[in-house]
file my_file-v2.txt (compact mmCIF, C-alpha atoms (C1' of nucleotides))
# COMPACT_ATOMS: atom_id res chain seq x y z
CA MET A 1462 -19.74 19.55 13.69
CA ASN A 1463 -19.97 15.94 12.60
CA ILE A 1464 -17.43 14.39 10.31
CA GLY A 1465 -19.61 14.85 7.23
CA GLU A 1466 -19.84 18.61 7.66
CA VAL A 1467 -16.13 18.92 8.33
CA ALA A 1468 -15.45 16.85 5.22
CA GLU A 1469 -17.63 19.14 3.15
CA ARG A 1470 -16.13 22.32 4.57
CA SER A 1471 -12.53 21.19 4.38
CA GLY A 1472 -12.82 19.32 1.11
CA ILE A 1473 -11.20 16.26 2.70
CA PRO A 1474 -13.09 12.95 2.51
CA THR A 1475 -14.38 11.40 5.72
CA LYS A 1476 -12.19 8.35 5.20
CA THR A 1477 -9.13 10.56 5.06
CA ILE A 1478 -10.16 12.53 8.12
CA ARG A 1479 -10.45 9.31 10.11
CA TYR A 1480 -7.05 8.30 8.79
CA TYR A 1481 -5.60 11.64 9.90
CA GLU A 1482 -6.99 11.00 13.34
CA ASP A 1483 -5.39 7.54 13.31
CA ILE A 1484 -1.98 9.00 12.62
CA GLY A 1485 -2.41 11.63 15.30
CA PHE A 1486 -3.10 14.84 13.36
CA LEU A 1487 -6.39 15.43 15.16
CA HIS A 1488 -8.03 14.38 18.39
CA PRO A 1489 -11.72 15.17 18.00
CA LYS A 1490 -13.93 14.57 21.02
CA ARG A 1491 -16.75 12.06 20.90
CA ASN A 1492 -20.31 12.57 22.02
CA ASP A 1493 -22.65 10.07 23.66
CA ASN A 1494 -23.45 8.18 20.51
CA GLY A 1495 -19.77 7.75 19.68
CA TYR A 1496 -19.79 10.27 16.83
CA ARG A 1497 -16.76 12.48 16.39
CA VAL A 1498 -17.39 16.13 17.25
CA PHE A 1499 -15.14 18.69 15.55
CA GLU A 1500 -14.35 22.20 16.74
CA ASP A 1501 -13.52 25.08 14.40
CA ASN A 1502 -9.93 24.67 15.42
CA GLU A 1503 -9.91 21.13 14.04
CA LEU A 1504 -11.52 22.27 10.82
CA HIS A 1505 -8.76 24.84 10.40
CA LYS A 1506 -6.13 22.20 10.97
CA LEU A 1507 -7.68 20.01 8.32
CA ILE A 1508 -7.71 22.84 5.83
CA PHE A 1509 -4.09 23.52 6.71
CA ILE A 1510 -3.16 19.91 6.09
CA GLY A 1511 -5.10 19.86 2.86
CA ARG A 1512 -3.21 22.88 1.54
CA ALA A 1513 0.13 21.49 2.60
CA ARG A 1514 -0.64 18.15 0.93
CA SER A 1515 -1.70 19.91 -2.24
CA LEU A 1516 1.68 21.65 -2.26
CA GLY A 1517 3.21 18.21 -2.20
CA PHE A 1518 4.36 18.06 1.41
CA ASN A 1519 4.29 14.49 2.57
CA ILE A 1520 2.68 13.32 5.79
CA GLU A 1521 5.79 13.68 7.92
CA GLU A 1522 6.44 17.16 6.56
CA CYS A 1523 2.83 18.00 7.33
CA ARG A 1524 3.33 16.73 10.86
CA ALA A 1525 6.33 19.04 11.25
CA LEU A 1526 4.45 21.98 9.78
CA LEU A 1527 1.49 21.30 12.03
CA ALA A 1528 3.75 21.34 15.06
CA LEU A 1529 5.15 24.68 13.93
CA TYR A 1530 1.66 25.92 13.21
CA ASP A 1531 0.66 25.05 16.77
CA ASP A 1532 3.81 26.50 18.31
CA LYS A 1533 3.42 30.21 18.96
CA GLU A 1534 7.04 30.52 20.05
CA ARG A 1535 8.78 29.19 16.96
CA GLY A 1536 10.62 31.51 14.60
CA SER A 1537 9.71 31.70 10.93
CA ALA A 1538 13.18 30.35 10.08
CA ASP A 1539 12.09 26.82 11.05
CA VAL A 1540 9.19 26.91 8.66
CA LYS A 1541 11.26 28.49 5.94
CA GLN A 1542 13.80 25.71 6.24
CA ILE A 1543 11.22 22.99 5.67
CA ALA A 1544 9.79 24.86 2.72
CA LYS A 1545 13.21 25.33 1.16
CA GLU A 1546 14.06 21.65 1.44
CA HIS A 1547 10.78 20.90 -0.16
CA VAL A 1548 11.42 23.22 -3.08
CA LYS A 1549 14.73 21.50 -3.70
CA GLU A 1550 13.01 18.16 -3.82
CA ILE A 1551 10.38 19.48 -6.19
CA GLU A 1552 13.10 20.78 -8.46
CA ARG A 1553 14.82 17.42 -8.50
CA LYS A 1554 11.58 15.80 -9.54
CA ILE A 1555 10.98 18.38 -12.23
CA SER A 1556 14.38 17.83 -13.80
CA ASP A 1557 13.99 14.06 -13.66
CA LEU A 1558 10.67 14.34 -15.42
CA MET A 1559 12.03 16.74 -18.01
CA ALA A 1560 14.83 14.33 -18.80
CA MET A 1561 12.30 11.53 -19.26
CA ARG A 1562 10.14 13.70 -21.44
CA ASP A 1563 13.05 14.76 -23.64
CA THR A 1564 14.25 11.22 -24.15
CA LEU A 1565 10.80 10.00 -25.00
CA THR A 1566 10.07 12.93 -27.26
CA HIS A 1567 13.21 12.25 -29.28
CA LEU A 1568 12.24 8.62 -29.59
CA ILE A 1569 8.72 9.48 -30.64
CA GLU A 1570 10.02 11.83 -33.31
CA ALA A 1571 12.26 9.09 -34.62
CA CYS A 1572 9.43 6.58 -34.79
CA ALA A 1573 7.47 6.29 -38.03
CA GLY A 1574 4.34 5.28 -36.17
CA ASP A 1575 2.88 3.24 -38.99
CA HIS A 1576 2.10 -0.38 -39.75
CA ARG A 1577 5.75 -1.34 -40.04
CA PRO A 1578 7.28 -3.09 -37.10
CA ASP A 1579 10.53 -1.11 -36.95
CA CYS A 1580 10.36 1.08 -33.92
CA PRO A 1581 13.14 3.18 -32.41
CA ILE A 1582 11.30 3.32 -29.11
CA ILE A 1583 11.35 -0.43 -28.64
CA ASP A 1584 14.87 -0.56 -30.02
CA ASN A 1585 16.07 1.97 -27.51
CA LEU A 1586 14.40 0.18 -24.61
CA SER A 1587 16.01 -3.04 -25.79
CA ASP A 1588 19.51 -1.64 -25.92
CA ALA A 1589 21.30 -1.44 -22.66
CA LYS A 1590 22.42 2.08 -23.44
CA MET A 1591 20.68 5.41 -23.61
CA ASN A 1592 20.59 7.37 -26.82
CA MET B 739 22.36 -17.98 -15.28
CA ASN B 740 21.17 -17.91 -11.70
CA ILE B 741 19.15 -15.03 -10.35
CA GLY B 742 22.19 -13.35 -8.77
CA GLU B 743 24.03 -13.06 -12.04
CA VAL B 744 20.96 -11.80 -13.85
CA ALA B 745 20.48 -9.24 -11.11
CA GLU B 746 24.03 -8.05 -11.48
CA ARG B 747 23.88 -7.90 -15.26
CA SER B 748 20.48 -6.23 -15.47
CA GLY B 749 20.93 -3.96 -12.49
CA ILE B 750 17.60 -5.16 -11.08
CA PRO B 751 17.59 -6.58 -7.54
CA THR B 752 16.78 -10.24 -7.05
CA LYS B 753 13.72 -9.37 -5.00
CA THR B 754 12.38 -7.33 -7.86
CA ILE B 755 13.12 -10.04 -10.40
CA ARG B 756 11.13 -12.54 -8.36
CA TYR B 757 8.36 -9.97 -8.14
CA TYR B 758 8.42 -9.54 -11.91
CA GLU B 759 8.06 -13.28 -12.25
CA ASP B 760 5.10 -13.18 -9.85
CA ILE B 761 3.30 -10.65 -11.98
CA GLY B 762 4.02 -12.60 -15.14
CA PHE B 763 6.76 -10.63 -16.86
CA LEU B 764 9.09 -13.64 -16.95
CA HIS B 765 8.82 -17.39 -16.77
CA PRO B 766 12.30 -18.69 -16.00
CA LYS B 767 12.78 -22.45 -15.95
CA ARG B 768 13.85 -24.22 -12.78
CA ASN B 769 16.58 -26.78 -12.45
CA ASP B 770 16.69 -29.81 -10.16
CA ASN B 771 17.55 -27.89 -7.03
CA GLY B 772 14.66 -25.49 -7.59
CA TYR B 773 16.86 -22.57 -8.60
CA ARG B 774 15.62 -20.27 -11.34
CA VAL B 775 17.58 -20.56 -14.58
CA PHE B 776 17.59 -17.54 -16.86
CA GLU B 777 18.26 -17.45 -20.59
CA ASP B 778 19.78 -14.48 -22.40
CA ASN B 779 16.34 -13.73 -23.69
CA GLU B 780 15.09 -13.25 -20.14
CA LEU B 781 18.01 -11.03 -19.28
CA HIS B 782 17.16 -8.83 -22.25
CA LYS B 783 13.59 -8.58 -21.13
CA LEU B 784 14.68 -7.51 -17.68
CA ILE B 785 16.91 -4.82 -19.09
CA PHE B 786 14.03 -3.71 -21.27
CA ILE B 787 11.73 -3.46 -18.27
CA GLY B 788 14.38 -1.63 -16.28
CA ARG B 789 14.76 1.00 -18.97
CA ALA B 790 11.04 1.42 -19.36
CA ARG B 791 10.60 1.81 -15.60
CA SER B 792 13.40 4.37 -15.47
CA LEU B 793 11.52 6.35 -18.09
CA GLY B 794 8.57 6.37 -15.74
CA PHE B 795 6.37 3.80 -17.43
CA ASN B 796 4.30 2.06 -14.81
CA ILE B 797 3.94 -1.68 -14.54
CA GLU B 798 0.88 -1.94 -16.74
CA GLU B 799 2.49 0.21 -19.39
CA CYS B 800 5.55 -2.02 -19.18
CA ARG B 801 3.35 -5.03 -19.66
CA ALA B 802 1.90 -3.47 -22.79
CA LEU B 803 5.33 -2.52 -24.09
CA LEU B 804 6.62 -6.01 -23.36
CA ALA B 805 3.78 -7.49 -25.35
CA LEU B 806 4.65 -5.20 -28.24
CA TYR B 807 8.31 -6.04 -27.82
CA ASP B 808 7.47 -9.71 -28.13
CA ASP B 809 5.09 -9.20 -31.03
CA LYS B 810 6.96 -9.26 -34.33
CA GLU B 811 3.80 -8.39 -36.24
CA ARG B 812 2.83 -5.18 -34.50
CA GLY B 813 3.24 -1.81 -36.14
CA SER B 814 5.32 0.93 -34.58
CA ALA B 815 2.16 3.04 -34.29
CA ASP B 816 1.03 1.00 -31.28
CA VAL B 817 4.23 1.68 -29.44
CA LYS B 818 4.24 5.32 -30.42
CA GLN B 819 0.74 5.72 -29.03
CA ILE B 820 1.72 4.43 -25.61
CA ALA B 821 4.78 6.63 -25.56
CA LYS B 822 2.76 9.69 -26.51
CA GLU B 823 0.22 9.14 -23.78
CA HIS B 824 3.06 8.80 -21.39
CA VAL B 825 4.64 12.06 -22.47
CA LYS B 826 1.34 13.82 -21.88
CA GLU B 827 1.19 12.45 -18.39
CA ILE B 828 4.75 13.48 -17.70
CA GLU B 829 3.94 16.98 -18.87
CA ARG B 830 0.96 17.16 -16.57
CA LYS B 831 3.17 16.21 -13.66
CA ILE B 832 5.79 18.74 -14.64
CA SER B 833 3.33 21.58 -14.71
CA ASP B 834 1.79 20.54 -11.40
CA LEU B 835 5.22 20.52 -9.84
CA MET B 836 6.14 23.86 -11.36
CA ALA B 837 2.99 25.40 -9.94
CA MET B 838 3.88 24.03 -6.51
CA ARG B 839 7.40 25.29 -6.78
CA ASP B 840 6.30 28.78 -7.82
CA THR B 841 3.82 29.09 -5.00
CA LEU B 842 6.32 27.92 -2.45
CA THR B 843 9.07 30.10 -3.82
CA HIS B 844 6.90 33.19 -3.53
CA LEU B 845 6.07 32.28 0.03
CA ILE B 846 9.69 31.67 0.91
CA GLU B 847 10.68 35.03 -0.51
CA ALA B 848 8.01 36.71 1.59
CA CYS B 849 9.15 34.98 4.78
CA ALA B 850 11.69 36.75 6.97
CA GLY B 851 13.15 33.47 8.16
CA ASP B 852 14.32 34.75 11.51
CA HIS B 853 13.46 34.32 15.18
CA ARG B 854 10.15 36.11 14.88
CA PRO B 855 7.07 33.93 14.70
CA ASP B 856 5.34 35.80 11.85
CA CYS B 857 5.47 33.56 8.84
CA PRO B 858 3.71 34.05 5.51
CA ILE B 859 4.15 30.35 4.72
CA ILE B 860 2.14 29.23 7.71
CA ASP B 861 -0.31 32.06 7.19
CA ASN B 862 -0.91 31.01 3.64
CA LEU B 863 -1.43 27.37 4.58
CA SER B 864 -3.87 28.51 7.24
CA ASP B 865 -5.98 30.60 4.91
CA ALA B 866 -8.40 28.70 2.79
CA LYS B 867 -7.27 30.60 -0.26
CA MET B 868 -4.15 30.54 -2.39
CA ASN B 869 -1.66 33.40 -2.60
C1' DC C 474 32.64 -30.86 8.67
C1' DT C 475 31.83 -26.37 8.76
C1' DT C 476 31.53 -21.93 6.95
C1' DG C 477 29.69 -18.71 3.91
C1' DA C 478 27.50 -17.37 -0.16
C1' DC C 479 23.58 -18.07 -2.66
C1' DC C 480 19.14 -19.80 -3.42
C1' DT C 481 14.06 -20.90 -1.99
C1' DT C 482 9.25 -19.50 -0.06
C1' DC C 483 6.23 -16.88 2.60
C1' DC C 484 4.70 -13.05 5.34
C1' DA C 485 4.60 -8.26 6.45
C1' DG C 486 5.46 -3.34 5.75
C1' DT C 487 5.94 0.92 2.98
C1' DG C 488 2.62 5.87 1.86
C1' DA C 489 -1.47 7.81 1.86
C1' DC C 490 -5.24 6.70 1.36
C1' DT C 491 -9.70 4.08 -0.48
C1' DG C 492 -13.37 0.57 -0.70
C1' DG C 493 -16.38 -2.49 1.44
C1' DA C 494 -18.81 -5.09 5.03
C1' DA C 495 -21.38 -5.15 9.09
C1' DC C 496 -23.37 -2.64 12.33
C1' DC C 497 -25.55 1.51 15.24
C1' DA C 498 -28.11 6.32 15.46
C1' DT C 499 -31.21 9.72 13.92
C1' DT C 500 -34.91 11.54 11.43
C1' DA C 501 -38.97 11.66 8.28
C1' DG C 502 -42.90 9.49 6.33
C1' DG C 503 -46.86 6.26 6.10
C1' DC D 736 -45.00 1.63 15.34
C1' DC D 737 -42.53 0.15 11.36
C1' DT D 738 -39.62 1.33 7.68
C1' DA D 739 -36.36 3.48 4.82
C1' DA D 740 -32.85 6.82 4.08
C1' DT D 741 -28.99 9.01 5.64
C1' DG D 742 -24.98 9.33 8.19
C1' DG D 743 -22.19 7.70 11.65
C1' DT D 744 -18.96 3.65 13.73
C1' DT D 745 -15.17 -0.10 13.42
C1' DC D 746 -12.29 -3.24 11.15
C1' DC D 747 -10.26 -5.62 7.27
C1' DA D 748 -8.34 -5.64 2.80
C1' DG D 749 -6.48 -3.60 -1.39
C1' DT D 750 -3.80 -0.19 -3.99
C1' DC D 751 1.49 0.28 -6.38
C1' DA D 752 5.97 -1.42 -6.92
C1' DC D 753 8.60 -3.07 -4.46
C1' DT D 754 11.56 -4.18 0.01
C1' DG D 755 12.90 -6.48 4.34
C1' DG D 756 13.20 -10.35 7.14
C1' DA D 757 12.65 -15.08 8.80
C1' DA D 758 13.40 -19.86 8.18
C1' DG D 759 15.31 -23.02 5.61
C1' DG D 760 17.65 -25.78 1.42
C1' DT D 761 22.08 -26.08 -1.73
C1' DC D 762 26.65 -25.78 -3.12
C1' DA D 763 31.76 -24.97 -3.38
C1' DA D 764 35.93 -24.14 -0.71
C1' DG D 765 39.02 -25.06 3.02
call {"tool": "encode", "arguments": {"input": "my_file-v2.txt", "output": "structure tokens"}}
result
Amino acid sequence: MNIGEVAERSGIPTKTIRYYEDIGFLHPKRNDNGYRVFEDNELHKLIFIGRARSLGFNIEECRALLALYDDKERGSADVKQIAKEHVKEIERKISDLMAMRDTLTHLIEACAGDHRPDCPIIDNLSDAKMN
Amino acid sequence: MNIGEVAERSGIPTKTIRYYEDIGFLHPKRNDNGYRVFEDNELHKLIFIGRARSLGFNIEECRALLALYDDKERGSADVKQIAKEHVKEIERKISDLMAMRDTLTHLIEACAGDHRPDCPIIDNLSDAKMN
DNA sequence: CTTGACCTTCCAGTGACTGGAACCATTAGG
DNA sequence: CCTAATGGTTCCAGTCACTGGAAGGTCAAG
């Protein structure tokens, strides 16, 4: 397979695939004209990375998962550990965002939203203290 | 005030303050030795930006809010509009993150997490389909 | 006079791509 | 055989919002 076909089948843009090669996720062979040639195995890896990224794993986490994916000897505990850490992080982000949303929602409710200049949102941002 | 004092009082690092000057949020005067000199007014702006950033407004949104903050003629509706858009975006992020968390949590529950290599997490990432 | 804290500018790196330029290879059509 | 379209290659630069570091100027204290 050429890079275009792999891109289509994996749903990952060619640019990104080349980037993944750069950072050592893949090592496709080259043929005589210098084109990358992908095996099924590499396609599967790309799909794997794509899924992991869409679950919010960052590149280094993906690298770790890929290593575990390649390692037939590893126990599932290793993978579970990474996933658990990741869930914790996601939950931190969720609660941060919910706090932001709540603060803003209160401010929006308090704001007349008309032609008058008085605005609790601006006032709150101006004050050094929260609500 | 010199930049160090402003940094301390606003809680924004000097590096970041210089960056904010670069992108046109502030225009502190300079004195004879070339040091930046900040007025109270500039300190307030920095605090304003800091609060807005901590509520997740990005730089361009901050720029818009700053303009509204400076504009004594504007109606509160303009500000409210920006805030509302922002809440929508926050809510999108929250639901994305919750979906990630749920998927991962299911996978973690299904994973033995022991010395055996069988791992539903890896298996799921390997399959091209979700759940 | 020297030390140390504080200030200056400029350049480079972060993460994870993405866009563009300039160029080569392959194939189909006229 | 020439041309155009398509798809591949590399390399450089830009994104966002900073952050780190180097190299140097300034100022107050001892």
call {"tool": "interface_residues", "arguments": {"input": "my_file-v2.txt", "of": "chain A", "to": "chain C", "cutoff": "10 Å", "atoms": "only C-alpha atoms (C1' of nucleotides)", "output": "list in words"}}
result
Pro1474, Lys1476, Thr1477, Tyr1480, Tyr1481, Asn1494, Gly1495, Tyr1496, Asn1519 and Ile1520 of chain A
call {"tool": "interface_residues", "arguments": {"input": "my_file-v2.txt", "of": "chain D", "to": "chain A", "cutoff": "8 Å", "atoms": "all atoms listed in the file", "output": "ChimeraX atom specification"}}
result
/D:742-744
call {"tool": "atom_distance", "arguments": {"input": "my_file-v2.txt", "atom1": "CA of Ala1573 in chain A", "atom2": "CA of Glu798 in chain B"}}
result
23.8 Å
call {"tool": "closest_atom_pairs", "arguments": {"input": "my_file-v2.txt", "of": "chain A", "to": "chain B", "cutoff": "7 Å", "atoms": "only C-alpha atoms", "output": "JSON lines"}}
result
{"residue": "A:His1505", "atom": "CA", "partner": "B:Ser864", "partner_atom": "CA", "distance": 6.9}
{"residue": "A:Ile1508", "atom": "CA", "partner": "B:Ala866", "partner_atom": "CA", "distance": 6.6}
{"residue": "A:Phe1509", "atom": "CA", "partner": "B:Ser864", "partner_atom": "CA", "distance": 5.0}
{"residue": "A:Arg1512", "atom": "CA", "partner": "B:Leu863", "partner_atom": "CA", "distance": 5.7}
{"residue": "A:Ala1513", "atom": "CA", "partner": "B:Leu863", "partner_atom": "CA", "distance": 6.4}
{"residue": "A:Leu1516", "atom": "CA", "partner": "B:Met838", "partner_atom": "CA", "distance": 5.3}
{"residue": "A:Tyr1530", "atom": "CA", "partner": "B:Ile860", "partner_atom": "CA", "distance": 6.4}
{"residue": "A:Lys1533", "atom": "CA", "partner": "B:Pro855", "partner_atom": "CA", "distance": 6.7}
{"residue": "A:Glu1534", "atom": "CA", "partner": "B:Pro855", "partner_atom": "CA", "distance": 6.3}
{"residue": "A:Arg1535", "atom": "CA", "partner": "B:Pro855", "partner_atom": "CA", "distance": 5.5}
{"residue": "A:Gly1536", "atom": "CA", "partner": "B:His853", "partner_atom": "CA", "distance": 4.0}
{"residue": "A:Ser1537", "atom": "CA", "partner": "B:Gly851", "partner_atom": "CA", "distance": 4.8}
{"residue": "A:Ala1538", "atom": "CA", "partner": "B:Gly851", "partner_atom": "CA", "distance": 3.7}
{"residue": "A:Lys1541", "atom": "CA", "partner": "B:Gly851", "partner_atom": "CA", "distance": 5.8}
{"residue": "A:Ala1544", "atom": "CA", "partner": "B:Leu842", "partner_atom": "CA", "distance": 6.9}
{"residue": "A:Val1548", "atom": "CA", "partner": "B:Arg839", "partner_atom": "CA", "distance": 5.8}
{"residue": "A:Ile1551", "atom": "CA", "partner": "B:Leu835", "partner_atom": "CA", "distance": 6.4}
{"residue": "A:Ile1555", "atom": "CA", "partner": "B:Ile832", "partner_atom": "CA", "distance": 5.7}
{"residue": "A:Leu1558", "atom": "CA", "partner": "B:Ile828", "partner_atom": "CA", "distance": 6.4}
{"residue": "A:Met1561", "atom": "CA", "partner": "B:Leu793", "partner_atom": "CA", "distance": 5.4}
{"residue": "A:Arg1562", "atom": "CA", "partner": "B:Val825", "partner_atom": "CA", "distance": 5.8}
{"residue": "A:Leu1565", "atom": "CA", "partner": "B:Ala821", "partner_atom": "CA", "distance": 6.9}
{"residue": "A:Ile1569", "atom": "CA", "partner": "B:Lys818", "partner_atom": "CA", "distance": 6.1}
{"residue": "A:Cys1572", "atom": "CA", "partner": "B:Lys818", "partner_atom": "CA", "distance": 6.9}
{"residue": "A:Ala1573", "atom": "CA", "partner": "B:Ser814", "partner_atom": "CA", "distance": 6.7}
{"residue": "A:Gly1574", "atom": "CA", "partner": "B:Ala815", "partner_atom": "CA", "distance": 3.6}
{"residue": "A:Asp1575", "atom": "CA", "partner": "B:Ala815", "partner_atom": "CA", "distance": 4.8}
{"residue": "A:His1576", "atom": "CA", "partner": "B:Gly813", "partner_atom": "CA", "distance": 4.0}
{"residue": "A:Arg1577", "atom": "CA", "partner": "B:Gly813", "partner_atom": "CA", "distance": 4.7}
{"residue": "A:Pro1578", "atom": "CA", "partner": "B:Gly813", "partner_atom": "CA", "distance": 4.3}
{"residue": "A:Asp1579", "atom": "CA", "partner": "B:Ser814", "partner_atom": "CA", "distance": 6.1}
{"residue": "A:Cys1580", "atom": "CA", "partner": "B:Ser814", "partner_atom": "CA", "distance": 5.1}
{"residue": "A:Ile1583", "atom": "CA", "partner": "B:Tyr807", "partner_atom": "CA", "distance": 6.4}
{"residue": "A:Leu1586", "atom": "CA", "partner": "B:Phe786", "partner_atom": "CA", "distance": 5.1}
{"residue": "A:Ser1587", "atom": "CA", "partner": "B:Phe786", "partner_atom": "CA", "distance": 5.0}
{"residue": "A:Ala1589", "atom": "CA", "partner": "B:Ile785", "partner_atom": "CA", "distance": 6.6}
call {"tool": "atom_distance", "arguments": {"input": "my_file-v2.txt", "atom1": "CA of Glu1522 in chain A", "atom2": "C1' of DC746 in chain D"}}
result
28.1 Å
call {"tool": "atom_distance", "arguments": {"input": "my_file-v2.txt", "atom1": "C1' of DC753 in chain D", "atom2": "CA of Asp778 in chain B"}}
result
24.0 Å
call {"tool": "axis_aligned_box", "arguments": {"input": "my_file-v2.txt", "around": "range 483-491 of chain C", "padding_each_side": "4 Å", "output": "JSON"}}
result
{"center_x": -1.7, "center_y": -4.5, "center_z": 3.0, "size_x": 23.9, "size_y": 32.7, "size_z": 14.9}
